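Text of work_21.txt, listed as compact mmCIF, C-alpha atoms and all ligand atoms:
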# COMPACT_ATOMS: atom_id res chain seq x y z
CA MET M 1076 -14.96 77.16 -39.45
CA LYS M 1077 -11.84 76.28 -41.42
CA ASP M 1078 -8.71 78.42 -41.46
CA LEU M 1079 -7.94 80.07 -44.78
CA LEU M 1080 -4.83 78.97 -46.65
CA ILE M 1081 -4.07 81.61 -49.29
CA PHE M 1082 -1.59 81.00 -52.11
CA ASP M 1083 0.44 83.36 -54.21
CA MET M 1084 0.38 81.96 -57.77
CA ASP M 1085 3.70 82.41 -59.55
CA GLY M 1086 6.45 80.33 -57.98
CA VAL M 1087 3.96 78.71 -55.61
CA LEU M 1088 1.18 77.13 -57.68
CA THR M 1089 2.67 77.78 -61.11
CA GLU M 1090 6.25 77.27 -62.29
CA VAL M 1091 7.00 80.37 -64.34
CA SER M 1092 10.72 80.28 -65.17
CA GLU M 1093 9.87 79.45 -68.80
CA SER M 1094 6.81 81.71 -68.97
CA TYR M 1095 6.77 85.04 -67.09
CA ARG M 1096 10.49 85.03 -66.39
CA ALA M 1097 11.27 84.05 -69.99
CA ALA M 1098 8.99 86.86 -71.21
CA VAL M 1099 11.02 89.34 -69.13
CA VAL M 1100 14.20 88.01 -70.75
CA GLN M 1101 12.77 88.14 -74.30
CA CYS M 1102 11.30 91.58 -73.81
CA VAL M 1103 14.52 93.08 -72.38
CA LEU M 1104 16.46 91.45 -75.23
CA HIS M 1105 14.05 92.95 -77.78
CA PHE M 1106 14.43 96.51 -76.52
CA THR M 1107 18.07 96.54 -75.37
CA GLY M 1108 19.86 93.76 -77.23
CA GLN M 1109 21.06 92.51 -73.85
CA ARG M 1110 20.15 89.25 -72.17
CA VAL M 1111 19.16 89.53 -68.51
CA THR M 1112 20.12 86.46 -66.49
CA PRO M 1113 17.69 84.60 -64.22
CA ASP M 1114 20.05 85.47 -61.36
CA LEU M 1115 19.76 89.20 -62.04
CA ILE M 1116 15.96 88.88 -62.10
CA ASN M 1117 16.17 87.16 -58.70
CA GLU M 1118 18.32 90.03 -57.45
CA TYR M 1119 15.64 92.55 -58.44
CA LYS M 1120 12.89 90.39 -56.94
CA ASN M 1121 14.82 90.12 -53.66
CA LYS M 1122 15.13 93.90 -53.52
CA GLY M 1123 11.35 94.04 -53.26
CA GLY M 1124 8.88 96.21 -55.13
CA TRP M 1125 9.25 94.30 -58.43
CA ASN M 1126 6.34 91.95 -58.16
CA ASN M 1127 4.85 93.25 -61.41
CA ASP M 1128 6.80 91.79 -64.35
CA TRP M 1129 5.85 94.68 -66.69
CA ASP M 1130 7.29 97.19 -64.20
CA LEU M 1131 10.33 94.98 -63.71
CA THR M 1132 10.93 94.67 -67.46
CA GLN M 1133 10.70 98.44 -67.87
CA ARG M 1134 13.12 98.97 -65.00
CA ILE M 1135 15.70 96.48 -66.27
CA ALA M 1136 15.56 97.98 -69.79
CA SER M 1137 16.04 101.41 -68.23
CA ASP M 1138 18.94 100.17 -66.09
CA PHE M 1139 20.44 98.74 -69.30
CA GLY M 1140 20.27 102.28 -70.73
CA VAL M 1141 17.08 102.00 -72.80
CA PRO M 1142 14.05 103.83 -71.38
CA VAL M 1143 10.83 102.44 -72.87
CA PRO M 1144 7.27 103.71 -72.23
CA HIS M 1145 5.26 101.41 -69.97
CA SER M 1146 2.50 100.82 -72.51
CA THR M 1147 5.09 99.80 -75.11
CA ILE M 1148 6.56 97.31 -72.64
CA VAL M 1149 3.13 95.83 -71.89
CA THR M 1150 2.26 95.37 -75.57
CA LYS M 1151 5.55 93.65 -76.43
CA PHE M 1152 5.61 91.60 -73.23
CA ASN M 1153 2.16 90.24 -73.98
CA GLU M 1154 3.18 89.36 -77.54
CA PHE M 1155 5.82 87.08 -76.07
CA PHE M 1156 3.75 85.90 -73.12
CA LEU M 1157 0.34 85.35 -74.67
CA GLY M 1158 1.40 84.78 -78.28
CA GLU M 1159 -1.00 85.27 -81.14
CA ASN M 1160 -3.54 82.59 -80.30
CA GLY M 1161 -2.63 81.74 -76.73
CA ASN M 1162 0.45 79.90 -78.05
CA GLY M 1163 2.98 82.14 -76.32
CA LEU M 1164 5.32 81.50 -73.41
CA ILE M 1165 2.36 81.02 -71.08
CA MET M 1166 2.07 77.55 -72.57
CA GLN M 1167 5.47 76.71 -71.02
CA GLU M 1168 4.03 77.12 -67.56
CA ARG M 1169 3.78 74.08 -65.29
CA TRP M 1170 1.59 73.32 -62.27
CA PHE M 1171 3.37 72.63 -58.98
CA PRO M 1172 0.74 70.86 -56.85
CA ALA M 1173 1.01 67.09 -57.19
CA PRO M 1174 -2.25 65.19 -57.77
CA GLY M 1175 -4.21 65.03 -54.51
CA LEU M 1176 -2.39 67.83 -52.67
CA LEU M 1177 -5.12 70.45 -52.99
CA GLU M 1178 -7.83 67.90 -52.21
CA ARG M 1179 -6.03 66.89 -48.98
CA LEU M 1180 -5.42 70.51 -47.96
CA GLU M 1181 -9.04 71.35 -48.64
CA ARG M 1182 -10.18 68.95 -45.91
CA ALA M 1183 -8.59 71.19 -43.28
CA PHE M 1184 -8.46 74.61 -44.99
CA GLN M 1185 -10.47 76.87 -47.21
CA LEU M 1186 -8.11 77.48 -50.15
CA GLY M 1187 -7.76 80.88 -51.80
CA ILE M 1188 -5.42 82.93 -53.98
CA PHE M 1189 -3.87 86.37 -53.63
CA THR M 1190 -1.85 87.11 -56.77
CA GLY M 1191 -0.33 90.07 -58.56
CA ARG M 1192 -1.69 88.65 -61.81
CA LEU M 1193 -4.66 90.25 -63.49
CA ARG M 1194 -7.73 88.04 -63.20
CA TYR M 1195 -7.77 87.00 -66.85
CA GLU M 1196 -4.16 85.82 -66.56
CA ALA M 1197 -4.88 83.88 -63.39
CA ASP M 1198 -8.01 82.35 -64.91
CA MET M 1199 -6.09 81.17 -67.98
CA SER M 1200 -3.78 79.05 -65.84
CA LEU M 1201 -6.48 77.83 -63.46
CA ARG M 1202 -8.71 76.72 -66.34
CA ARG M 1203 -5.80 74.80 -67.77
CA PHE M 1204 -4.38 73.18 -64.65
CA ALA M 1205 -7.21 73.01 -62.11
CA PRO M 1206 -10.45 73.19 -64.10
CA SER M 1207 -12.54 71.42 -61.50
CA PHE M 1208 -11.13 73.31 -58.52
CA THR M 1209 -12.48 76.56 -57.07
CA PHE M 1210 -10.24 78.91 -55.12
CA GLU M 1211 -12.27 81.20 -52.92
CA PRO M 1212 -11.43 83.94 -52.10
CA MET M 1213 -9.43 84.92 -55.16
CA ILE M 1214 -7.86 88.38 -55.03
CA CYS M 1215 -6.07 89.52 -58.19
CA ALA M 1216 -4.33 92.74 -59.25
CA ASP M 1217 -7.69 94.04 -60.47
CA ASP M 1218 -9.14 93.76 -56.98
CA VAL M 1219 -6.68 95.96 -55.08
CA VAL M 1220 -5.65 99.58 -55.28
CA ARG M 1221 -2.16 98.89 -53.93
CA ALA M 1222 -0.16 95.90 -55.16
CA LYS M 1223 2.13 93.77 -53.02
CA PRO M 1224 4.07 94.43 -50.84
CA SER M 1225 0.99 96.32 -49.67
CA PRO M 1226 -1.05 94.22 -47.23
CA GLU M 1227 -4.28 95.40 -48.88
CA GLY M 1228 -5.18 92.11 -50.55
CA LEU M 1229 -4.70 90.07 -47.38
CA GLN M 1230 -6.52 92.68 -45.31
CA THR M 1231 -9.42 92.41 -47.75
CA ILE M 1232 -9.50 88.65 -47.23
CA ALA M 1233 -9.29 88.95 -43.44
CA ALA M 1234 -12.14 91.49 -43.45
CA ARG M 1235 -14.27 89.23 -45.62
CA PHE M 1236 -13.84 86.31 -43.21
CA PRO M 1237 -13.88 87.86 -39.73
CA GLY M 1238 -12.58 85.71 -36.90
CA ARG M 1239 -10.94 83.23 -39.28
CA ARG M 1240 -7.21 82.56 -39.24
CA VAL M 1241 -5.50 83.42 -42.54
CA VAL M 1242 -2.15 81.90 -43.59
CA TYR M 1243 -0.33 83.14 -46.71
CA VAL M 1244 2.11 81.13 -48.83
CA GLY M 1245 4.41 83.07 -51.16
CA ASP M 1246 7.81 82.94 -52.82
CA THR M 1247 9.11 86.53 -52.69
CA VAL M 1248 10.01 89.13 -50.11
CA ASP M 1249 7.05 91.22 -51.30
CA ASP M 1250 4.74 88.35 -50.36
CA ALA M 1251 6.35 88.10 -46.93
CA ARG M 1252 6.12 91.85 -46.33
CA SER M 1253 2.48 91.91 -47.44
CA ALA M 1254 1.70 89.19 -44.91
CA ALA M 1255 3.66 90.93 -42.15
CA GLY M 1256 1.79 94.18 -42.86
CA ALA M 1257 -1.53 92.38 -42.62
CA GLY M 1258 -0.53 90.50 -39.45
CA VAL M 1259 -0.97 87.21 -41.33
CA PRO M 1260 1.36 84.22 -40.71
CA PHE M 1261 3.60 83.62 -43.73
CA ILE M 1262 5.07 80.42 -45.15
CA GLY M 1263 7.89 81.04 -47.63
CA VAL M 1264 8.60 78.93 -50.69
CA ALA M 1265 12.31 78.99 -51.56
CA ALA M 1266 13.24 76.56 -54.32
CA ALA M 1267 16.44 74.60 -53.79
CA THR M 1268 17.58 75.90 -57.18
CA HIS M 1269 16.96 79.60 -56.40
CA SER M 1270 20.19 81.40 -57.31
CA ARG M 1271 19.91 83.78 -54.35
CA ARG M 1272 18.34 81.38 -51.88
CA ASP M 1273 20.41 82.43 -48.85
CA ASP M 1274 19.43 86.06 -49.37
CA LEU M 1275 15.79 85.06 -49.79
CA LEU M 1276 15.86 82.94 -46.60
CA ALA M 1277 17.26 85.90 -44.65
CA LEU M 1278 14.57 88.17 -46.09
CA PHE M 1279 11.84 85.67 -45.17
CA ALA M 1280 13.25 85.40 -41.65
CA SER M 1281 13.41 89.16 -41.17
CA ALA M 1282 9.80 89.43 -42.33
CA GLY M 1283 8.80 86.90 -39.67
CA ALA M 1284 8.07 83.81 -41.79
CA ILE M 1285 6.78 80.96 -39.62
CA ALA M 1286 8.22 78.31 -41.95
CA VAL M 1287 9.98 77.82 -45.27
CA VAL M 1288 9.52 74.97 -47.73
CA GLU M 1289 11.29 74.20 -51.00
CA ASN M 1290 8.08 73.44 -52.85
CA ILE M 1291 4.34 73.71 -52.25
CA ASN M 1292 4.17 69.92 -52.09
CA GLU M 1293 6.00 70.08 -48.75
CA VAL M 1294 3.56 72.52 -47.17
CA GLU M 1295 1.59 69.89 -45.23
CA ARG M 1296 4.74 69.24 -43.20
CA VAL M 1297 4.70 72.74 -41.69
CA LEU M 1298 0.97 73.41 -41.25
MG MG L 1301 5.24 84.64 -56.67
Produce structure tokens that represent the structure in this file.
Amino acid sequence: MKDLLIFDMDGVLTEVSESYRAAVVQCVLHFTGQRVTPDLINEYKNKGGWNNDWDLTQRIASDFGVPVPHSTIVTKFNEFFLGENGNGLIMQERWFPAPGLLERLERAFQLGIFTGRLRYEADMSLRRFAPSFTFEPMICADDVVRAKPSPEGLQTIAARFPGRRVVYVGDTVDDARSAAGAGVPFIGVAAATHSRRDDLLALFASAGAIAVVENINEVERVL
């Protein structure tokens, strides 16, 4: 019986600085006329509770003095992110795993996903970048009542595979807190270029991370 290695998506499997993060920037600019910096987005993310980029966009716009209804945020965000015919910022996304990484990991682990994305958003990227690969289990925002940092998604996975060790890999404090709440070992991904990396490392440490890597391609070193 293999252990389960569960990945967060954004910042772990997918590089989203030019997709989700850029959509936050464009959307805030649209409603407020102000440009939020990547560093300020990292500051919000490090505070925890801002895993959902629609909620985060609404909050930043509000903090910039422009309250916007949530549904209005979602509609505009998706115009930037999805575009008219799937030609939006999502096309700027990149795939982190180098060729062969997932295949090597799969020899020792069952590979799954626990993401705050809705399933259709996760599927869009997986069809594009890993069409022949199946992640199982795959827990998306649609599958949980409480989003990260709630441990619900990881608890669901643990309950579905009783007696199996579960390890979670994520890139935010909400991921680390979700794992800690579920009693699941956590490996943090902190990019060398992260503008608040020292803060993030301290947050990972206080949440009990068993290891930190700069990129998912280093994960074999710490397993
Ligand atoms: Mg993430």
| message | Around ligand MG 1301 (chain L), out to 6 Å and counting only C-alpha atoms and all ligand atoms, which residues are there? I want them as an MDAnalysis selection string. | response | chainID M and resid 1083:1086 1245:1247
| task | Between M:Leu1131, M:Ala1136, M:Leu1176, M:Val1259, single out the one closest to Asn1290 of chain M, counting all atoms listed in the file. | result |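 Using all atoms listed in the file, Asn1290 of chain M sits closest to M:Leu1176.
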| field | Best match for closeness to Pro1174 of chain M among M:Val1241, M:Ala1205, M:Ala1222, M:Ala1267, counting all atoms listed in the file | value |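 Once distances to Pro1174 of chain M are computed over all atoms listed in the file, the minimum belongs to M:Ala1205.
For the choices M:Ser1137, M:Asn1292, M:Ser1092, M:Ser1207, the atom-to-atom distance to Ile1116 of chain M is smallest for M:Ser1092 when using only C-alpha atoms.
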Phe1261 of chain M environment, 7 Å, all atoms listed in the file, sequence neighbours closer than 5 positions dropped, as a tab-separated table (two decimals) with C-alpha atoms, in the coordinates of the input:
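The result, stored in out-v4.tsv:
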chain	number	residue	atom	x	y	z
M	1242	VAL	CA	-2.15	81.90	-43.59
M	1243	TYR	CA	-0.33	83.14	-46.71
M	1244	VAL	CA	2.11	81.13	-48.83
M	1251	ALA	CA	6.35	88.10	-46.93
M	1254	ALA	CA	1.70	89.19	-44.91
M	1284	ALA	CA	8.07	83.81	-41.79
M	1285	ILE	CA	6.78	80.96	-39.62
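Note that atom CA of Ile1291 of chain M and atom CA of Val1091 of chain M are 14.1 Å apart.
Residue nearest Leu1088 of chain M within the list M:Arg1179, M:Arg1134, M:Lys1151, M:Arg1169: M:Arg1169 [criterion: smallest interatomic distance, all atoms listed in the file].
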| task | Using all atoms listed in the file, determine which residues lie at most 6 Å from Ile1188 of chain M, disregarding the query and same-chain residues fewer than 6 positions distant; provide the list as a ChimeraX atom specification. | result | /M:1081-1083,1213
| message | Considering only C-alpha atoms, can you say which of M:Leu1079, M:Val1248, M:Val1103, M:Val1141 comes closest to Trp1129 of chain M? | response |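 Going through M:Leu1079, M:Val1248, M:Val1103, M:Val1141 one by one, the smallest distance to Trp1129 of chain M is for M:Val1103.
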| request: Between M:Arg1221, M:Arg1096, M:Asp1198, M:Ser1281, single out the one closest to Gly1124 of chain M, counting all atoms listed in the file. | output: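 Looking at the shortest contact to Gly1124 of chain M, the residue is M:Arg1221.
Between atom CA of Leu1278 of chain M and atom CA of Ser1225 of chain M lies a distance of 16.2 Å.
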Surrounding residues of Phe1236 of chain M excluding itself and chain neighbours under 5 positions, 12 Å, all atoms listed in the file, as a PDB file with C-alpha atoms, in the frame of the given file:
ATOM      1  CA  MET M1076     -14.960  77.160 -39.450  1.00  0.00           C
ATOM      2  CA  LYS M1077     -11.840  76.280 -41.420  1.00  0.00           C
ATOM      3  CA  ASP M1078      -8.710  78.420 -41.460  1.00  0.00           C
ATOM      4  CA  LEU M1079      -7.940  80.070 -44.780  1.00  0.00           C
ATOM      5  CA  GLN M1185     -10.470  76.870 -47.210  1.00  0.00           C
ATOM      6  CA  GLY M1187      -7.760  80.880 -51.800  1.00  0.00           C
ATOM      7  CA  GLU M1211     -12.270  81.200 -52.920  1.00  0.00           C
ATOM      8  CA  PRO M1212     -11.430  83.940 -52.100  1.00  0.00           C
ATOM      9  CA  LEU M1229      -4.700  90.070 -47.380  1.00  0.00           C
ATOM     10  CA  GLN M1230      -6.520  92.680 -45.310  1.00  0.00           C
ATOM     11  CA  THR M1231      -9.420  92.410 -47.750  1.00  0.00           C
ATOM     12  CA  VAL M1241      -5.500  83.420 -42.540  1.00  0.00           C
TER      13      VAL M1241
END
| Which residues, written as a ChimeraX atom specification, have at least one atom at most 12 Å from Glu1118 of chain M, with only C-alpha atoms counted and residues fewer than 2 positions away on the same chain left out? | /M:1111-1116,1120-1125,1131,1135,1247-1248,1269-1275
| For the atom pair atom CA of Gly1140 of chain M and atom CA of Ala1098 of chain M, what is the interatomic distance in Å to one decimal place? |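 It comes out at 19.1 Å.
Summary of the local environment: counting only C-alpha atoms, residues at most 12 Å from Arg1203 of chain M, other than itself and those fewer than 3 positions away along its chain, are Thr1089, Gly1161, Ile1165, Met1166, Gln1167, Glu1168, Arg1169, Trp1170, Glu1196, Ala1197, Asp1198, Met1199, Ser1200, Pro1206, Ser1207 and Phe1208 of chain M.
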